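J.: First the structure, which I've put down as C-alpha cells, then a few questions once you've had a look.
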Amino acid sequence: MATAHKVLMLVENLPVPPDPRIWAEATTLRDHGFQVSVICPKGSSQHQESYVCIDNIHIYRYKLSANANKFTSYIAEYGIALLKTFWLSLVVLLRHGFDVIHAANPPDLFFIIGLFYRLLGKKFVFDQHDLAPELFHAKFKGRKELLYRLQLFLERCSYHTADLVITTNASQRGLAIERGRCPADRVFVVRNGPDLERMKLITPEPELRMGHRHFLAYVGKMGVQDGVEYTLYALDELLHKRGRRDVSLVLIGDGERISALQMLAHQLQLDEYVNFTGWITSSDVLRYLAVADVGLVPDPQNGLNEYSTMIKTMDYMALGKPVVAFDLAETRFSAQEAALYAVPNLVEDFANKIEVLLDNVELRRKMGAIGRKRIAEELNWDHSKKYLLLAYERILTCRSEPSDPSVWDSITDALNNQEPVETTRPD
C-alpha cells in the first residue's frame with residue numbers, strides 16, 4: 001500500500017476536519033501512502049477558508065446556506081452542494097489528480113459525480129454513513145412518500161455505481177447486501193471508533209458544572225432525528241417533578257433544531273440548569289466531558305437510529321463515562337454493559353436511568369471502566385482502520401474477482417461477525 005495512490009473524498013454533512021469520521025479516514029489513508037484531497041462545505045463560524053492544507057491533506061470548501069427543516073430546503077441544499085462539489089472536483093483533478101473518489105453520504109447524489117469520473121477510469125467508493133431514505137423518513141415523519149421512494153432509488157444508484165461500499169456497522173452492511181443487491185465481498189464495515197490519542201483523560205474542572213453537584217452531557221448534532229429534546233424533558237422530570245436541584249446539563253453541538261431546543265429549555269424553566277455551547281474545539285469538549293457524570297444518547301426509535309452507530313456513545317465510553325440511552329440494537333452492541341437502557345422514546349424511563357446513575361457513584365465507576373476497556377480493546381479507531389485499509393486493498397486490485405477467494409471469504413466472515421444484523425425491513 002506504499003504506492004502513492006490519490007484519493008478525493010467528498011462530504012456534504014459537515015466541514016473537515018470537524019467531521020470525525022472523514023478526518024480519521026483521511027489521516028489513515030495519508031499515513032499509509034495516499035495523497036488525500038477533501039471537498040466539503042464551509043463551517044458556519046469557523047473553517048471558512050476556501051482552500052487549506054492541513055497535515056498534508058488538501059481541503060477545498062464551498063459555502064452552503066443552512067437549511068430550514070423543510071424538504072424543499074433539503075432539495076435545494078443538496079442540489080447546490082452537488083454542483084459546487086463537481087466544480088471543485090475539476091479543480092482538484094487539474095491541481096492534484098485522483099484515482100479514487102470516496103463519497104460519504106448523505107446525500108446519496110454523489111454517484112452522479114462517480115459515474116462521470118468512471119468514464120475517465122476512476123474508482124468510486126460509496127461510504128454510507130447514514131441510511132438516507134430512513135433519515136428522510138425520520139425528518140419528515142412519513143410525509144412525502146414519493147420523495148422517500150426517490151431516496152430509495154438514489155441509494156440503489158449509489159450502490160450500483162460503487163466499485164466498493166463502506167458502511168458503519170453490520171446492520172447497514174446487511175441492508176446493502178439485501179436491499180441494495182451488493183456483492184458481499186464488496187461491502188466492508190468500518191466502524192466509527194474513537195481515536196484514543198485524541199480522547200485522553202484530563203484533570204476535571206469542577207467550575208464547569210454550573211454550580212451543581214451532578215453534571216450531564218450531550219455531544220453531537222441537533223437535528224429532528226437526534227432526539228435532543230428528550231434530554232430536556234428528562235431534566236424537567238428530574239427537577240420539577242421529582243424535586244431534584246442538584247443536576248445540570250451541557251448540550252454541545254448545533255443543528256437545525258437548536259433554536260427550538262433553546263426555546264423549549266426556556267419554556268420548561270431550565271435556563272439556569274442548561275448550557276448550550278454550540279460547536280466548540282475538541283479540547284473544550286474534553287474539558288466538559290471530564291466533569292460529566294453521565295453521557296446522554298437520546299436518539300429515539302424512529303426507523304433510522306436502530307441501524308445507526310452513534311459516535312458520541314463511544315466517545316463517552318472512551319473517557320470512562322457511563323451512558324444512558326434508549327434501547328436500540330446498534331447502541332446496545334456498542335455500549336453493552338457500559339450503558340443503562342431506557343424503553344425507547346419514554347421520557348420517564350430515560351429520567352429513571354439517569355437518576356439511578358446519579359445516586360450510585362460506584363455503579364458509575366464500574367460502568368465507566370467497562371466502557372473504557374471495551375473501547376481500548378475492541379472499538380477504537382486503530383481496530384476500525386484495518387478494515388478501511390482492507391477495503392482499499394480490495395478496490396486497488398483492479399480485478400472483478402478476488403485473486404484468492406479463500407482470503408476474501410475469511411474477511412467476509414470477520415465482517416459478518418462484528419455485530420448483530422437485522423435486515424428484514426419493508427421498503
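Going by the C-alpha cells order, chains are called A, B, ..., each with residues numbered from 1, while ligands are numbered from 1 in the order shown.
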Can you tell me, as a list of chain:residue names, which residues in range 66-122 of chain A count as strand (DSSP E) by DSSP?

T.: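 Answer for range 66-122 of chain A restricted to strand (DSSP E) is A:Val100, A:Ile101, A:His102, A:Ala103, A:Ala104.
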
J.: Only C-alpha atoms, please: the residues just picked out, written as a PDB file, in the first residue's frame.

T.:
ATOM      1  CA  VAL A 100     -10.419   7.101  -6.334  1.00  0.00           C
ATOM      2  CA  ILE A 101     -13.467   9.146  -5.374  1.00  0.00           C
ATOM      3  CA  HIS A 102     -14.522   8.350  -1.805  1.00  0.00           C
ATOM      4  CA  ALA A 103     -18.020   9.817  -1.336  1.00  0.00           C
ATOM      5  CA  ALA A 104     -19.711  10.000   2.063  1.00  0.00           C
TER       6      ALA A 104
END

J.: List every residue of range 136-169 of chain A that DSSP, applied to the backbone of this structure, places in alpha helix (DSSP H), and write the result as a count of residues only.

T.: 21

J.: Show me a table, sorted first by chain and then by increasing residue number, of the residues of range 248-330 of chain A having an atom at most 6 Å from range 221-239 of chain A, each with its shortest atom pair and the distance in Å to one decimal, counting only C-alpha atoms and written as JSON lines.

T.:
{"residue": "A:Gly253", "atom": "CA", "partner": "A:Lys221", "partner_atom": "CA", "distance": 5.5}
{"residue": "A:Asp254", "atom": "CA", "partner": "A:Met222", "partner_atom": "CA", "distance": 5.4}
{"residue": "A:Gly255", "atom": "CA", "partner": "A:Met222", "partner_atom": "CA", "distance": 4.5}
{"residue": "A:Glu256", "atom": "CA", "partner": "A:Gly223", "partner_atom": "CA", "distance": 5.6}
{"residue": "A:Arg257", "atom": "CA", "partner": "A:Gly223", "partner_atom": "CA", "distance": 5.3}
{"residue": "A:Pro298", "atom": "CA", "partner": "A:Gly227", "partner_atom": "CA", "distance": 5.4}
{"residue": "A:Asp299", "atom": "CA", "partner": "A:Asp226", "partner_atom": "CA", "distance": 4.8}
{"residue": "A:Pro300", "atom": "CA", "partner": "A:Gly227", "partner_atom": "CA", "distance": 5.8}

J.: What lies within 6 Å of range 186-202 of chain A using only C-alpha atoms, ignoring chain neighbours under 4 positions off, as an MDAnalysis selection string?

T.: chainID A and resid 164:169 379:381 384 387:388

J.: Could you write out that same residue set with N, CA and C atoms as a PDB file, in the first residue's frame?

T.:
ATOM      1  N   LEU A 164     -16.984  -0.210  -4.617  1.00  0.00           N
ATOM      2  CA  LEU A 164     -16.903  -0.769  -3.269  1.00  0.00           C
ATOM      3  C   LEU A 164     -17.762   0.086  -2.345  1.00  0.00           C
ATOM      4  N   VAL A 165     -18.431  -0.560  -1.380  1.00  0.00           N
ATOM      5  CA  VAL A 165     -19.294   0.125  -0.417  1.00  0.00           C
ATOM      6  C   VAL A 165     -18.722  -0.054   0.982  1.00  0.00           C
ATOM      7  N   ILE A 166     -18.681   1.040   1.736  1.00  0.00           N
ATOM      8  CA  ILE A 166     -18.266   1.010   3.138  1.00  0.00           C
ATOM      9  C   ILE A 166     -19.469   1.410   3.986  1.00  0.00           C
ATOM     10  N   THR A 167     -19.741   0.661   5.052  1.00  0.00           N
ATOM     11  CA  THR A 167     -20.811   1.004   5.985  1.00  0.00           C
ATOM     12  C   THR A 167     -20.231   1.129   7.388  1.00  0.00           C
ATOM     13  N   THR A 168     -21.018   1.715   8.300  1.00  0.00           N
ATOM     14  CA  THR A 168     -20.519   1.936   9.661  1.00  0.00           C
ATOM     15  C   THR A 168     -20.805   0.779  10.595  1.00  0.00           C
ATOM     16  N   ASN A 169     -21.673  -0.144  10.206  1.00  0.00           N
ATOM     17  CA  ASN A 169     -21.942  -1.306  11.051  1.00  0.00           C
ATOM     18  C   ASN A 169     -22.533  -2.426  10.193  1.00  0.00           C
ATOM     19  N   LEU A 379     -13.032  -1.386  20.109  1.00  0.00           N
ATOM     20  CA  LEU A 379     -13.797  -0.446  19.292  1.00  0.00           C
ATOM     21  C   LEU A 379     -13.073   0.844  18.955  1.00  0.00           C
ATOM     22  N   ASN A 380     -11.779   0.941  19.218  1.00  0.00           N
ATOM     23  CA  ASN A 380     -11.088   2.188  18.892  1.00  0.00           C
ATOM     24  C   ASN A 380     -10.731   2.230  17.411  1.00  0.00           C
ATOM     25  N   TRP A 381     -10.319   3.397  16.945  1.00  0.00           N
ATOM     26  CA  TRP A 381     -10.062   3.584  15.514  1.00  0.00           C
ATOM     27  C   TRP A 381      -8.916   2.715  15.012  1.00  0.00           C
ATOM     28  N   SER A 384     -10.669  -0.222  13.804  1.00  0.00           N
ATOM     29  CA  SER A 384     -11.546   0.024  12.659  1.00  0.00           C
ATOM     30  C   SER A 384     -10.765   0.283  11.377  1.00  0.00           C
ATOM     31  N   TYR A 387      -9.966  -2.327   8.616  1.00  0.00           N
ATOM     32  CA  TYR A 387     -10.968  -2.674   7.609  1.00  0.00           C
ATOM     33  C   TYR A 387     -11.014  -1.643   6.488  1.00  0.00           C
ATOM     34  N   LEU A 388     -10.725  -0.374   6.827  1.00  0.00           N
ATOM     35  CA  LEU A 388     -10.621   0.639   5.779  1.00  0.00           C
ATOM     36  C   LEU A 388      -9.484   0.296   4.820  1.00  0.00           C
TER      37      LEU A 388
END

J.: At what distance in Å, to one decimal, does CA of Asp99 in chain A lie from CA of Lys6 in chain A?

T.: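 If I compute the distance from CA of Lys6 in chain A to CA of Asp99 in chain A, I get 5.2 Å.
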
J.: Which value, in Å to one decimal, gives the distance between CA of Pro15 in chain A and CA of Tyr218 in chain A?

T.: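 Separation between CA of Pro15 in chain A and CA of Tyr218 in chain A: 20.3 Å.
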
J.: Closest to Leu10 in chain A among A:Arg61, A:His47, A:Arg149, A:Lys321, using only C-alpha atoms?

T.: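 Ranked by minimum distance to Leu10 in chain A, first place goes to A:Arg61.
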
J.: Report as a Markdown table: every residue of range 104-147 of chain A with an atom at most 9 Å from range 172-185 of chain A, its closest pair of atoms, and their distance in Å to one decimal, counting only C-alpha atoms, with rows sorted by chain and ascending residue number.

T.:
| residue | atom | partner | partner_atom | distance |
| --- | --- | --- | --- | --- |
| A:Gln128 | CA | A:Gln172 | CA | 8.2 |
| A:Asp130 | CA | A:Gln172 | CA | 8.4 |
| A:Leu131 | CA | A:Gln172 | CA | 7.6 |

J.: Please save N, CA and C atoms of the selected residues as a PDB file, in the first residue's frame.

T.:
ATOM      1  N   GLN A 128     -21.238   4.847   3.207  1.00  0.00           N
ATOM      2  CA  GLN A 128     -22.602   5.082   3.682  1.00  0.00           C
ATOM      3  C   GLN A 128     -22.601   5.337   5.191  1.00  0.00           C
ATOM      4  N   ASP A 130     -25.106   7.132   6.776  1.00  0.00           N
ATOM      5  CA  ASP A 130     -26.495   7.028   7.230  1.00  0.00           C
ATOM      6  C   ASP A 130     -27.336   6.374   6.144  1.00  0.00           C
ATOM      7  N   LEU A 131     -28.457   5.805   6.557  1.00  0.00           N
ATOM      8  CA  LEU A 131     -29.436   5.309   5.602  1.00  0.00           C
ATOM      9  C   LEU A 131     -30.301   6.494   5.182  1.00  0.00           C
TER      10      LEU A 131
END

J.: For the atom pair CA of Leu304 in chain A and CA of Leu328 in chain A, what is the interatomic distance in Å to one decimal place?

T.: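 The value is 10.2 Å.
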
J.: Kindly indicate which residue among A:Phe86, A:Phe326, A:Phe136, A:Tyr74 lies nearest to Pro344 in chain A, using only C-alpha atoms for the distances.

T.: A:Phe326
